[in-house]
>>> print(open('run-v2.cif').read())   # mmCIF, C-alpha atoms; chains and numbers go by the auth columns
data_run
#
loop_
_atom_site.group_PDB
_atom_site.id
_atom_site.type_symbol
_atom_site.label_atom_id
_atom_site.label_comp_id
_atom_site.label_asym_id
_atom_site.label_seq_id
_atom_site.Cartn_x
_atom_site.Cartn_y
_atom_site.Cartn_z
_atom_site.B_iso_or_equiv
_atom_site.auth_seq_id
_atom_site.auth_asym_id
ATOM 1 C CA MET A 1 74.633 54.232 164.000 0.00 1 A
ATOM 2 C CA LYS A 2 73.028 57.535 163.021 0.00 2 A
ATOM 3 C CA LEU A 3 71.021 57.308 159.842 0.00 3 A
ATOM 4 C CA ASP A 4 72.169 59.591 157.020 0.00 4 A
ATOM 5 C CA TYR A 5 68.862 60.693 155.541 0.00 5 A
ATOM 6 C CA ASN A 6 70.476 62.369 152.533 0.00 6 A
ATOM 7 C CA LYS A 7 72.198 59.155 151.475 0.00 7 A
ATOM 8 C CA LEU A 8 69.040 57.164 152.194 0.00 8 A
ATOM 9 C CA LEU A 9 67.036 59.489 149.962 0.00 9 A
ATOM 10 C CA GLU A 10 69.632 59.161 147.216 0.00 10 A
ATOM 11 C CA LEU A 11 69.669 55.369 147.557 0.00 11 A
ATOM 12 C CA VAL A 12 65.921 54.774 147.399 0.00 12 A
ATOM 13 C CA SER A 13 65.489 57.325 144.593 0.00 13 A
ATOM 14 C CA GLU A 14 68.168 55.588 142.542 0.00 14 A
ATOM 15 C CA MET A 15 66.592 52.188 143.119 0.00 15 A
ATOM 16 C CA GLY A 16 63.157 53.480 142.122 0.00 16 A
ATOM 17 C CA PHE A 17 64.640 55.136 139.034 0.00 17 A
ATOM 18 C CA ARG A 18 66.399 51.957 137.934 0.00 18 A
ATOM 19 C CA LEU A 19 63.321 49.810 138.504 0.00 19 A
ATOM 20 C CA MET A 20 61.144 52.134 136.453 0.00 20 A
ATOM 21 C CA PHE A 21 63.765 52.506 133.726 0.00 21 A
ATOM 22 C CA SER A 22 63.873 48.700 133.455 0.00 22 A
ATOM 23 C CA GLY A 23 60.122 48.645 132.805 0.00 23 A
ATOM 24 C CA ALA A 24 58.668 47.975 136.259 0.00 24 A
ATOM 25 C CA GLU A 25 55.023 48.787 136.908 0.00 25 A
ATOM 26 C CA ILE A 26 54.242 51.934 138.856 0.00 26 A
ATOM 27 C CA TYR A 27 52.837 50.070 141.838 0.00 27 A
ATOM 28 C CA ARG A 28 55.955 47.903 142.008 0.00 28 A
ATOM 29 C CA VAL A 29 58.200 50.974 142.039 0.00 29 A
ATOM 30 C CA GLU A 30 56.216 52.724 144.753 0.00 30 A
ATOM 31 C CA GLU A 31 55.948 49.611 146.906 0.00 31 A
ATOM 32 C CA SER A 32 59.662 48.816 146.565 0.00 32 A
ATOM 33 C CA VAL A 33 60.753 52.331 147.542 0.00 33 A
ATOM 34 C CA SER A 34 58.316 52.398 150.475 0.00 34 A
ATOM 35 C CA ARG A 35 59.626 49.074 151.778 0.00 35 A
ATOM 36 C CA LEU A 36 63.205 50.292 151.482 0.00 36 A
ATOM 37 C CA LEU A 37 62.422 53.413 153.487 0.00 37 A
ATOM 38 C CA LYS A 38 60.802 51.388 156.255 0.00 38 A
ATOM 39 C CA ALA A 39 63.599 48.798 156.250 0.00 39 A
ATOM 40 C CA TYR A 40 66.197 51.506 156.864 0.00 40 A
ATOM 41 C CA GLY A 41 64.144 53.113 159.627 0.00 41 A
ATOM 42 C CA ALA A 42 62.607 56.110 157.863 0.00 42 A
ATOM 43 C CA GLU A 43 59.092 56.127 159.285 0.00 43 A
ATOM 44 C CA ARG A 44 57.956 59.302 157.549 0.00 44 A
ATOM 45 C CA GLY A 45 58.578 58.696 153.871 0.00 45 A
ATOM 46 C CA GLU A 46 56.428 58.974 150.769 0.00 46 A
ATOM 47 C CA VAL A 47 56.893 58.067 147.124 0.00 47 A
ATOM 48 C CA PHE A 48 54.863 59.123 144.109 0.00 48 A
ATOM 49 C CA ALA A 49 55.547 57.868 140.602 0.00 49 A
ATOM 50 C CA ILE A 50 54.052 58.416 137.171 0.00 50 A
ATOM 51 C CA PRO A 51 55.450 57.074 133.875 0.00 51 A
ATOM 52 C CA ASN A 52 57.850 59.998 133.329 0.00 52 A
ATOM 53 C CA CYS A 53 58.685 61.038 136.899 0.00 53 A
ATOM 54 C CA ILE A 54 59.387 59.667 140.370 0.00 54 A
ATOM 55 C CA ILE A 55 59.245 61.782 143.535 0.00 55 A
ATOM 56 C CA VAL A 56 60.562 60.558 146.889 0.00 56 A
ATOM 57 C CA SER A 57 60.114 62.591 150.056 0.00 57 A
ATOM 58 C CA LEU A 58 60.997 61.916 153.690 0.00 58 A
ATOM 59 C CA THR A 59 61.229 63.807 156.958 0.00 59 A
ATOM 60 C CA SER A 60 64.117 63.479 159.402 0.00 60 A
ATOM 61 C CA PRO A 61 63.508 63.082 163.161 0.00 61 A
ATOM 62 C CA GLN A 62 64.417 66.766 163.494 0.00 62 A
ATOM 63 C CA GLY A 63 61.495 67.651 161.238 0.00 63 A
ATOM 64 C CA GLU A 64 63.612 68.531 158.192 0.00 64 A
ATOM 65 C CA PRO A 65 61.769 67.674 154.937 0.00 65 A
ATOM 66 C CA MET A 66 63.809 66.317 152.042 0.00 66 A
ATOM 67 C CA THR A 67 62.636 65.573 148.518 0.00 67 A
ATOM 68 C CA GLN A 68 64.260 64.230 145.368 0.00 68 A
ATOM 69 C CA ILE A 69 62.654 64.279 141.924 0.00 69 A
ATOM 70 C CA ARG A 70 63.921 62.112 139.073 0.00 70 A
ATOM 71 C CA ARG A 71 62.613 62.592 135.559 0.00 71 A
ATOM 72 C CA MET A 72 62.268 59.378 133.585 0.00 72 A
ATOM 73 C CA PRO A 73 63.634 59.428 130.023 0.00 73 A
ATOM 74 C CA SER A 74 62.191 57.347 127.221 0.00 74 A
ATOM 75 C CA HIS A 75 62.782 53.660 127.921 0.00 75 A
ATOM 76 C CA GLY A 76 61.607 50.166 127.129 0.00 76 A
ATOM 77 C CA THR A 77 61.427 46.956 129.126 0.00 77 A
ATOM 78 C CA ASP A 78 64.503 44.972 130.110 0.00 78 A
ATOM 79 C CA ILE A 79 63.397 41.806 131.899 0.00 79 A
ATOM 80 C CA TYR A 80 66.946 40.935 132.963 0.00 80 A
ATOM 81 C CA LEU A 81 67.555 44.267 134.688 0.00 81 A
ATOM 82 C CA LEU A 82 64.059 44.305 136.160 0.00 82 A
ATOM 83 C CA GLU A 83 64.525 40.894 137.741 0.00 83 A
ATOM 84 C CA LYS A 84 67.986 41.754 139.058 0.00 84 A
ATOM 85 C CA TYR A 85 66.996 45.092 140.596 0.00 85 A
ATOM 86 C CA ASN A 86 63.811 43.632 142.048 0.00 86 A
ATOM 87 C CA ASP A 87 65.786 40.804 143.677 0.00 87 A
ATOM 88 C CA LEU A 88 68.388 43.258 145.002 0.00 88 A
ATOM 89 C CA CYS A 89 65.662 45.461 146.463 0.00 89 A
ATOM 90 C CA ARG A 90 64.221 42.516 148.366 0.00 90 A
ATOM 91 C CA ARG A 91 67.637 41.539 149.701 0.00 91 A
ATOM 92 C CA MET A 92 68.283 45.125 150.775 0.00 92 A
ATOM 93 C CA CYS A 93 65.000 45.126 152.703 0.00 93 A
ATOM 94 C CA ARG A 94 66.021 41.940 154.513 0.00 94 A
ATOM 95 C CA GLU A 95 69.702 42.691 155.150 0.00 95 A
ATOM 96 C CA THR A 96 69.860 46.527 155.060 0.00 96 A
ATOM 97 C CA PRO A 97 73.488 46.734 153.862 0.00 97 A
ATOM 98 C CA SER A 98 75.439 49.959 154.200 0.00 98 A
ATOM 99 C CA PHE A 99 74.757 52.642 151.625 0.00 99 A
ATOM 100 C CA ASP A 100 78.142 52.147 149.981 0.00 100 A
ATOM 101 C CA GLN A 101 77.546 48.412 149.660 0.00 101 A
ATOM 102 C CA ALA A 102 74.057 48.951 148.258 0.00 102 A
ATOM 103 C CA PHE A 103 75.309 51.393 145.618 0.00 103 A
ATOM 104 C CA ALA A 104 78.139 49.011 144.743 0.00 104 A
ATOM 105 C CA GLN A 105 75.683 46.156 144.221 0.00 105 A
ATOM 106 C CA MET A 106 73.516 48.302 141.959 0.00 106 A
ATOM 107 C CA GLU A 107 76.546 49.305 139.913 0.00 107 A
ATOM 108 C CA GLU A 108 77.583 45.665 139.655 0.00 108 A
ATOM 109 C CA ILE A 109 74.243 44.845 138.055 0.00 109 A
ATOM 110 C CA ARG A 110 74.699 47.654 135.556 0.00 110 A
ATOM 111 C CA ARG A 111 78.315 46.678 134.865 0.00 111 A
ATOM 112 C CA THR A 112 77.533 43.004 134.211 0.00 112 A
ATOM 113 C CA HIS A 113 74.440 43.710 132.131 0.00 113 A
ATOM 114 C CA LYS A 114 74.864 42.310 128.653 0.00 114 A
ATOM 115 C CA VAL A 115 73.034 43.599 125.590 0.00 115 A
ATOM 116 C CA TYR A 116 72.656 41.345 122.586 0.00 116 A
ATOM 117 C CA SER A 117 74.479 42.494 119.487 0.00 117 A
ATOM 118 C CA LEU A 118 72.520 43.819 116.515 0.00 118 A
ATOM 119 C CA PRO A 119 72.963 40.623 114.428 0.00 119 A
ATOM 120 C CA VAL A 120 71.565 38.521 117.282 0.00 120 A
ATOM 121 C CA GLN A 121 68.634 40.913 117.672 0.00 121 A
ATOM 122 C CA LEU A 122 67.953 40.767 113.933 0.00 122 A
ATOM 123 C CA LEU A 123 67.997 36.966 114.088 0.00 123 A
ATOM 124 C CA ALA A 124 65.402 37.130 116.855 0.00 124 A
ATOM 125 C CA TYR A 125 63.265 39.458 114.704 0.00 125 A
ATOM 126 C CA PHE A 126 63.575 37.019 111.800 0.00 126 A
ATOM 127 C CA LEU A 127 62.526 33.981 113.836 0.00 127 A
ATOM 128 C CA GLY A 128 59.769 35.707 115.771 0.00 128 A
ATOM 129 C CA CYS A 129 58.123 37.466 112.844 0.00 129 A
ATOM 130 C CA GLY A 130 58.539 34.439 110.608 0.00 130 A
ATOM 131 C CA MET A 131 56.783 32.194 113.112 0.00 131 A
ATOM 132 C CA PHE A 132 53.943 34.683 113.492 0.00 132 A
ATOM 133 C CA SER A 133 53.470 34.713 109.719 0.00 133 A
ATOM 134 C CA LEU A 134 53.149 30.931 109.795 0.00 134 A
ATOM 135 C CA PHE A 135 50.773 31.197 112.763 0.00 135 A
ATOM 136 C CA TYR A 136 48.467 33.511 110.783 0.00 136 A
ATOM 137 C CA GLY A 137 48.074 31.038 107.934 0.00 137 A
ATOM 138 C CA GLY A 138 51.066 31.757 105.737 0.00 138 A
ATOM 139 C CA SER A 139 53.125 29.167 103.902 0.00 139 A
ATOM 140 C CA VAL A 140 56.752 28.355 104.574 0.00 140 A
ATOM 141 C CA TRP A 141 57.802 30.951 102.032 0.00 141 A
ATOM 142 C CA ASP A 142 55.455 33.458 103.666 0.00 142 A
ATOM 143 C CA GLY A 143 57.192 32.700 106.945 0.00 143 A
ATOM 144 C CA ILE A 144 60.569 33.436 105.373 0.00 144 A
ATOM 145 C CA CYS A 145 59.213 36.678 103.942 0.00 145 A
ATOM 146 C CA GLY A 146 57.741 37.599 107.321 0.00 146 A
ATOM 147 C CA GLY A 147 61.131 36.972 108.875 0.00 147 A
ATOM 148 C CA LEU A 148 62.803 39.231 106.314 0.00 148 A
ATOM 149 C CA CYS A 149 60.241 41.945 107.052 0.00 149 A
ATOM 150 C CA GLY A 150 61.047 41.484 110.739 0.00 150 A
ATOM 151 C CA VAL A 151 64.711 42.080 109.978 0.00 151 A
ATOM 152 C CA VAL A 152 63.718 45.278 108.172 0.00 152 A
ATOM 153 C CA ILE A 153 61.760 46.360 111.260 0.00 153 A
ATOM 154 C CA GLY A 154 64.765 45.688 113.480 0.00 154 A
ATOM 155 C CA LEU A 155 67.080 47.677 111.223 0.00 155 A
ATOM 156 C CA CYS A 156 64.598 50.533 110.944 0.00 156 A
ATOM 157 C CA LEU A 157 64.175 50.749 114.730 0.00 157 A
ATOM 158 C CA ALA A 158 67.944 50.695 115.226 0.00 158 A
ATOM 159 C CA ILE A 159 68.541 53.455 112.669 0.00 159 A
ATOM 160 C CA THR A 160 65.761 55.709 113.941 0.00 160 A
ATOM 161 C CA SER A 161 66.973 55.223 117.519 0.00 161 A
ATOM 162 C CA VAL A 162 70.413 56.469 116.497 0.00 162 A
ATOM 163 C CA LEU A 163 68.747 59.463 114.841 0.00 163 A
ATOM 164 C CA GLY A 164 66.921 60.263 118.092 0.00 164 A
ATOM 165 C CA ALA A 165 63.358 59.760 116.842 0.00 165 A
ATOM 166 C CA ASN A 166 60.600 59.171 119.367 0.00 166 A
ATOM 167 C CA LEU A 167 58.683 55.902 119.620 0.00 167 A
ATOM 168 C CA PHE A 168 55.690 57.144 117.609 0.00 168 A
ATOM 169 C CA PHE A 169 57.709 58.040 114.512 0.00 169 A
ATOM 170 C CA LYS A 170 59.955 54.992 114.890 0.00 170 A
ATOM 171 C CA THR A 171 56.853 52.804 114.781 0.00 171 A
ATOM 172 C CA ILE A 172 55.458 54.594 111.721 0.00 172 A
ATOM 173 C CA ALA A 173 58.768 54.206 109.869 0.00 173 A
ATOM 174 C CA ALA A 174 59.151 50.537 110.814 0.00 174 A
ATOM 175 C CA GLY A 175 55.570 49.688 109.863 0.00 175 A
ATOM 176 C CA ALA A 176 55.861 51.459 106.512 0.00 176 A
ATOM 177 C CA ALA A 177 59.182 49.811 105.656 0.00 177 A
ATOM 178 C CA SER A 178 57.873 46.379 106.625 0.00 178 A
ATOM 179 C CA ALA A 179 54.696 46.682 104.527 0.00 179 A
ATOM 180 C CA LEU A 180 56.693 47.948 101.541 0.00 180 A
ATOM 181 C CA VAL A 181 59.135 45.037 101.696 0.00 181 A
ATOM 182 C CA ALA A 182 56.253 42.580 102.094 0.00 182 A
ATOM 183 C CA MET A 183 54.625 43.874 98.904 0.00 183 A
ATOM 184 C CA LEU A 184 57.921 43.771 97.011 0.00 184 A
ATOM 185 C CA LEU A 185 58.601 40.191 98.103 0.00 185 A
ATOM 186 C CA THR A 186 55.086 39.153 97.067 0.00 186 A
ATOM 187 C CA ALA A 187 55.415 40.915 93.706 0.00 187 A
ATOM 188 C CA ALA A 188 58.707 39.106 93.155 0.00 188 A
ATOM 189 C CA GLY A 189 56.937 35.772 93.667 0.00 189 A
ATOM 190 C CA LEU A 190 58.714 34.799 96.872 0.00 190 A
ATOM 191 C CA GLY A 191 55.620 35.160 99.059 0.00 191 A
ATOM 192 C CA GLN A 192 51.975 34.345 98.355 0.00 192 A
ATOM 193 C CA ASN A 193 49.929 35.730 101.279 0.00 193 A
ATOM 194 C CA THR A 194 50.729 39.406 101.724 0.00 194 A
ATOM 195 C CA GLN A 195 48.366 39.790 104.661 0.00 195 A
ATOM 196 C CA ALA A 196 49.959 36.968 106.650 0.00 196 A
ATOM 197 C CA ILE A 197 53.422 38.379 105.962 0.00 197 A
ATOM 198 C CA ILE A 198 52.514 41.912 107.033 0.00 198 A
ATOM 199 C CA ILE A 199 50.543 40.896 110.119 0.00 199 A
ATOM 200 C CA GLY A 200 53.235 38.488 111.267 0.00 200 A
ATOM 201 C CA ALA A 201 55.942 41.126 110.936 0.00 201 A
ATOM 202 C CA LEU A 202 53.896 43.809 112.683 0.00 202 A
ATOM 203 C CA MET A 203 53.588 41.649 115.784 0.00 203 A
ATOM 204 C CA ALA A 204 57.098 42.843 116.636 0.00 204 A
ATOM 205 C CA LEU A 205 55.689 46.363 117.046 0.00 205 A
ATOM 206 C CA VAL A 206 52.522 45.559 119.018 0.00 206 A
ATOM 207 C CA PRO A 207 52.746 47.234 122.482 0.00 207 A
ATOM 208 C CA GLY A 208 51.590 44.208 124.450 0.00 208 A
ATOM 209 C CA ILE A 209 53.729 44.804 127.542 0.00 209 A
ATOM 210 C CA ALA A 210 52.816 48.496 127.691 0.00 210 A
ATOM 211 C CA PHE A 211 49.090 47.758 127.528 0.00 211 A
ATOM 212 C CA THR A 212 49.358 44.946 130.097 0.00 212 A
ATOM 213 C CA ASN A 213 51.236 47.200 132.521 0.00 213 A
ATOM 214 C CA ALA A 214 48.619 49.905 131.974 0.00 214 A
ATOM 215 C CA MET A 215 45.826 47.530 132.973 0.00 215 A
ATOM 216 C CA ARG A 216 47.783 46.354 136.010 0.00 216 A
ATOM 217 C CA ASP A 217 48.383 49.937 137.128 0.00 217 A
ATOM 218 C CA ILE A 218 44.700 50.772 136.731 0.00 218 A
ATOM 219 C CA MET A 219 43.664 47.707 138.735 0.00 219 A
ATOM 220 C CA ALA A 220 46.208 48.653 141.410 0.00 220 A
ATOM 221 C CA GLY A 221 44.577 52.088 141.730 0.00 221 A
ATOM 222 C CA ASP A 222 47.249 54.108 139.902 0.00 222 A
ATOM 223 C CA MET A 223 44.788 55.719 137.521 0.00 223 A
ATOM 224 C CA VAL A 224 47.061 58.497 136.234 0.00 224 A
ATOM 225 C CA ALA A 225 49.873 56.100 135.372 0.00 225 A
ATOM 226 C CA GLY A 226 47.524 53.489 133.932 0.00 226 A
ATOM 227 C CA ILE A 227 45.644 55.912 131.706 0.00 227 A
ATOM 228 C CA SER A 228 48.917 57.467 130.515 0.00 228 A
ATOM 229 C CA LYS A 229 50.345 54.082 129.548 0.00 229 A
ATOM 230 C CA ALA A 230 47.081 52.998 127.928 0.00 230 A
ATOM 231 C CA ALA A 231 47.096 56.180 125.843 0.00 231 A
ATOM 232 C CA GLU A 232 50.703 55.471 124.851 0.00 232 A
ATOM 233 C CA ALA A 233 49.782 51.935 123.783 0.00 233 A
ATOM 234 C CA LEU A 234 46.849 53.235 121.711 0.00 234 A
ATOM 235 C CA LEU A 235 49.085 55.814 120.031 0.00 235 A
ATOM 236 C CA ILE A 236 51.580 53.105 119.136 0.00 236 A
ATOM 237 C CA GLY A 237 48.730 51.078 117.670 0.00 237 A
ATOM 238 C CA ALA A 238 47.685 54.097 115.617 0.00 238 A
ATOM 239 C CA ALA A 239 51.292 54.535 114.454 0.00 239 A
ATOM 240 C CA ILE A 240 51.380 50.898 113.306 0.00 240 A
ATOM 241 C CA ALA A 241 48.180 51.425 111.309 0.00 241 A
ATOM 242 C CA MET A 242 49.413 54.697 109.785 0.00 242 A
ATOM 243 C CA GLY A 243 52.786 53.287 108.812 0.00 243 A
ATOM 244 C CA THR A 244 51.289 50.170 107.249 0.00 244 A
ATOM 245 C CA ALA A 245 48.550 52.056 105.413 0.00 245 A
ATOM 246 C CA LEU A 246 51.006 54.437 103.739 0.00 246 A
ATOM 247 C CA PRO A 247 52.691 52.020 101.270 0.00 247 A
ATOM 248 C CA LEU A 248 49.473 50.013 100.818 0.00 248 A
ATOM 249 C CA GLY A 249 47.561 53.166 99.882 0.00 249 A
ATOM 250 C CA VAL A 250 50.259 54.353 97.496 0.00 250 A
ATOM 251 C CA ALA A 251 50.380 50.928 95.834 0.00 251 A
ATOM 252 C CA ARG A 252 46.619 50.883 95.451 0.00 252 A
ATOM 253 C CA MET A 253 46.606 54.323 93.807 0.00 253 A
ATOM 254 C CA LEU A 254 49.426 53.384 91.432 0.00 254 A
ATOM 255 C CA MET A 255 47.939 50.019 90.502 0.00 255 A
ATOM 256 C CA GLY A 256 44.378 51.291 90.372 0.00 256 A
ATOM 257 C CA GLY A 257 42.801 48.817 92.744 0.00 257 A
#
>>> encode(input="run-v2.cif", output="structure tokens")
Amino acid sequence: MKLDYNKLLELVSEMGFRLMFSGAEIYRVEESVSRLLKAYGAERGEVFAIPNCIIVSLTSPQGEPMTQIRRMPSHGTDIYLLEKYNDLCRRMCRETPSFDQAFAQMEEIRRTHKVYSLPVQLLAYFLGCGMFSLFYGGSVWDGICGGLCGVVIGLCLAITSVLGANLFFKTIAAGAASALVAMLLTAAGLGQNTQAIIIGALMALVPGIAFTNAMRDIMAGDMVAGISKAAEALLIGAAIAMGTALPLGVARMLMGG
């Protein structure tokens, strides 16, 4: 059967795009696309990816060059989708299904993907942030306050996402709202350790996955991608500090100490 290089280029580009959009590391995306090209018989194929772009190029036996560029929009990390697409990519390399079947399997993953409702997400914020507040030395009531601040963070991120704000400003808004609520809860007598409450709640904003992926990309030799992601993680850290410092500074000026 004659290989349709246009469909192959579309297939591998779509797989690379979905892997990266799910939060895959740069080296994983490039390796997966390269293996797909070889599995389908494209000997002259190249892939280059950075955090906001993926470029796939191949050359047909007739010497015709073909290239597809996909720009990557703002995204997070979805472990479910990442695992599913990674597993599908490996199966495609082993079985090399037809292009129509491969596209159908990718669409099936997207169709069956389930996103937790906002109340469930807020419950996760409450439990996670509350436990972190306890971990950092807070009392049971501090843990409850940390959980409430986590709920505020979840709501703030959801609202700013609807408004179309970027991650930097979303983090500033969430950090400021969380610190303000923590101070109000402490002033009301519900919490005792403001620091434990604030730190526990802010753990929901810490860019741990982004920084880990940056280090993995750097160790894999993808310096451009690694440095870009490391810079993004540092900016998010700065946004957390700025957002938290805003209500604390205002409170200090108003209270005189």
>>> closest_residue(input="run-v2.cif", among="A:Ile50, A:Cys93, A:Leu19, A:Leu123", to="Leu37 in chain A", atoms="all atoms listed in the file")
A:Cys93
>>> residues_around(input="run-v2.cif", residues="Ser13 in chain A", least_positions_apart="4", cutoff="7 Å", atoms="all atoms listed in the file", output="list in words")
Leu9, Phe17 and Val56 of chain A
>>> write_last_selection(input="run-v2.cif", atoms="C-alpha atoms", output="compact mmCIF listing (two decimals), in the frame of the given file")
# COMPACT_ATOMS: atom_id res chain seq x y z
CA LEU A 9 67.04 59.49 149.96
CA PHE A 17 64.64 55.14 139.03
CA VAL A 56 60.56 60.56 146.89
>>> closest_atom_pairs(input="run-v2.cif", of="range 192-218 of chain A", to="range 234-247 of chain A", cutoff="9 Å", atoms="all atoms listed in the file", output="tab-separated table")
residue	atom	partner	partner_atom	distance
A:Ile198	CA	A:Thr244	CA	8.4
A:Leu202	CA	A:Ile240	CA	7.5
A:Leu205	CA	A:Ile240	CA	7.3
A:Val206	CA	A:Gly237	CA	6.8
A:Pro207	CA	A:Ile236	CA	6.9
A:Phe211	CA	A:Leu234	CA	8.3
>>> write_last_selection(input="run-v2.cif", atoms="C-alpha atoms", output="mmCIF file, keeping the file's coordinate frame")
data_model
loop_
_atom_site.group_PDB
_atom_site.id
_atom_site.type_symbol
_atom_site.label_atom_id
_atom_site.label_comp_id
_atom_site.auth_asym_id
_atom_site.auth_seq_id
_atom_site.Cartn_x
_atom_site.Cartn_y
_atom_site.Cartn_z
ATOM 1 C CA ILE A 198 52.514 41.912 107.033
ATOM 2 C CA LEU A 202 53.896 43.809 112.683
ATOM 3 C CA LEU A 205 55.689 46.363 117.046
ATOM 4 C CA VAL A 206 52.522 45.559 119.018
ATOM 5 C CA PRO A 207 52.746 47.234 122.482
ATOM 6 C CA PHE A 211 49.090 47.758 127.528
#
>>> closest_residue(input="run-v2.cif", among="A:Ile109, A:Met20, A:Cys145, A:Pro119", to="Ser74 in chain A", atoms="all atoms listed in the file")
A:Met20
>>> closest_residue(input="run-v2.cif", among="A:Ala174, A:Met131, A:Leu157, A:Met223", to="Ile197 in chain A", atoms="all atoms listed in the file")
A:Met131
>>> resolve_selection(input="run-v2.cif", expression="the PyMOL selection byres ((chain A and resi 33) around 8)", output="list in words")
Val12, Ser13, Met15, Gly16, Val29, Glu30, Glu31, Ser32, Ser34, Arg35, Leu36, Leu37 and Val47 of chain A
>>> write_last_selection(input="run-v2.cif", atoms="C-alpha atoms", output="compact mmCIF listing (two decimals), keeping the file's coordinate frame")
# COMPACT_ATOMS: atom_id res chain seq x y z
CA VAL A 12 65.92 54.77 147.40
CA SER A 13 65.49 57.32 144.59
CA MET A 15 66.59 52.19 143.12
CA GLY A 16 63.16 53.48 142.12
CA VAL A 29 58.20 50.97 142.04
CA GLU A 30 56.22 52.72 144.75
CA GLU A 31 55.95 49.61 146.91
CA SER A 32 59.66 48.82 146.56
CA SER A 34 58.32 52.40 150.48
CA ARG A 35 59.63 49.07 151.78
CA LEU A 36 63.20 50.29 151.48
CA LEU A 37 62.42 53.41 153.49
CA VAL A 47 56.89 58.07 147.12
>>> residues_around(input="run-v2.cif", residues="range 225-227 of chain A", least_positions_apart="4", cutoff="7 Å", atoms="all atoms listed in the file", output="number ranges by chain")
A: 26, 50-51, 214-215, 217-218, 231
>>> atom_distance(input="run-v2.cif", atom1="CA of Ser117 in chain A", atom2="CA of Phe168 in chain A")
23.9 Å
>>> closest_residue(input="run-v2.cif", among="A:Ala201, A:Met66, A:Ala165, A:Val140", to="Gly45 in chain A", atoms="all atoms listed in the file")
A:Met66
>>> closest_residue(input="run-v2.cif", among="A:Leu3, A:Ile54, A:Ala204, A:Ala196", to="Gly154 in chain A", atoms="only C-alpha atoms")
A:Ala204
>>> axis_aligned_box(input="run-v2.cif", around="range 233-242 of chain A", padding_each_side="3 Å", output="AutoDock Vina command-line options")
--center_x 49.2 --center_y 53.4 --center_z 116.8 --size_x 10.7 --size_y 10.9 --size_z 20.0
>>> residues_around(input="run-v2.cif", residues="Gly249 in chain A", least_positions_apart="6", cutoff="12 Å", atoms="all atoms listed in the file", output="tab-separated table (two decimals) with C-alpha atoms, in the frame of the given file")
chain	number	residue	atom	x	y	z
A	176	ALA	CA	55.86	51.46	106.51
A	179	ALA	CA	54.70	46.68	104.53
A	180	LEU	CA	56.69	47.95	101.54
A	183	MET	CA	54.62	43.87	98.90
A	241	ALA	CA	48.18	51.42	111.31
A	242	MET	CA	49.41	54.70	109.78
A	243	GLY	CA	52.79	53.29	108.81
A	255	MET	CA	47.94	50.02	90.50
A	256	GLY	CA	44.38	51.29	90.37
A	257	GLY	CA	42.80	48.82	92.74
>>> closest_residue(input="run-v2.cif", among="A:Arg18, A:Ala104, A:Arg252, A:Thr77", to="Cys53 in chain A", atoms="only C-alpha atoms")
A:Arg18
>>> atom_distance(input="run-v2.cif", atom1="CA of Ala158 in chain A", atom2="CA of Leu118 in chain A")
8.4 Å
>>> residues_near_point(input="run-v2.cif", point="(60.8, 70.3, 149.8)", cutoff="12 Å", atoms="only C-alpha atoms", output="NGL selection string")
:A and (55-59 or 63-69)
>>> atom_distance(input="run-v2.cif", atom1="CA of Gly164 in chain A", atom2="CA of Asp78 in chain A")
19.6 Å
>>> resolve_selection(input="run-v2.cif", expression="the PyMOL selection byres ((chain A and resi 136) around 12)", output="number ranges by chain")
A: 129-135, 137-140, 142-143, 146, 193-203
>>> write_last_selection(input="run-v2.cif", atoms="C-alpha atoms", output="PDB file, in the frame of the given file")
ATOM      1  CA  CYS A 129      58.123  37.466 112.844  1.00  0.00           C
ATOM      2  CA  GLY A 130      58.539  34.439 110.608  1.00  0.00           C
ATOM      3  CA  MET A 131      56.783  32.194 113.112  1.00  0.00           C
ATOM      4  CA  PHE A 132      53.943  34.683 113.492  1.00  0.00           C
ATOM      5  CA  SER A 133      53.470  34.713 109.719  1.00  0.00           C
ATOM      6  CA  LEU A 134      53.149  30.931 109.795  1.00  0.00           C
ATOM      7  CA  PHE A 135      50.773  31.197 112.763  1.00  0.00           C
ATOM      8  CA  GLY A 137      48.074  31.038 107.934  1.00  0.00           C
ATOM      9  CA  GLY A 138      51.066  31.757 105.737  1.00  0.00           C
ATOM     10  CA  SER A 139      53.125  29.167 103.902  1.00  0.00           C
ATOM     11  CA  VAL A 140      56.752  28.355 104.574  1.00  0.00           C
ATOM     12  CA  ASP A 142      55.455  33.458 103.666  1.00  0.00           C
ATOM     13  CA  GLY A 143      57.192  32.700 106.945  1.00  0.00           C
ATOM     14  CA  GLY A 146      57.741  37.599 107.321  1.00  0.00           C
ATOM     15  CA  ASN A 193      49.929  35.730 101.279  1.00  0.00           C
ATOM     16  CA  THR A 194      50.729  39.406 101.724  1.00  0.00           C
ATOM     17  CA  GLN A 195      48.366  39.790 104.661  1.00  0.00           C
ATOM     18  CA  ALA A 196      49.959  36.968 106.650  1.00  0.00           C
ATOM     19  CA  ILE A 197      53.422  38.379 105.962  1.00  0.00           C
ATOM     20  CA  ILE A 198      52.514  41.912 107.033  1.00  0.00           C
ATOM     21  CA  ILE A 199      50.543  40.896 110.119  1.00  0.00           C
ATOM     22  CA  GLY A 200      53.235  38.488 111.267  1.00  0.00           C
ATOM     23  CA  ALA A 201      55.942  41.126 110.936  1.00  0.00           C
ATOM     24  CA  LEU A 202      53.896  43.809 112.683  1.00  0.00           C
ATOM     25  CA  MET A 203      53.588  41.649 115.784  1.00  0.00           C
TER      26      MET A 203
END
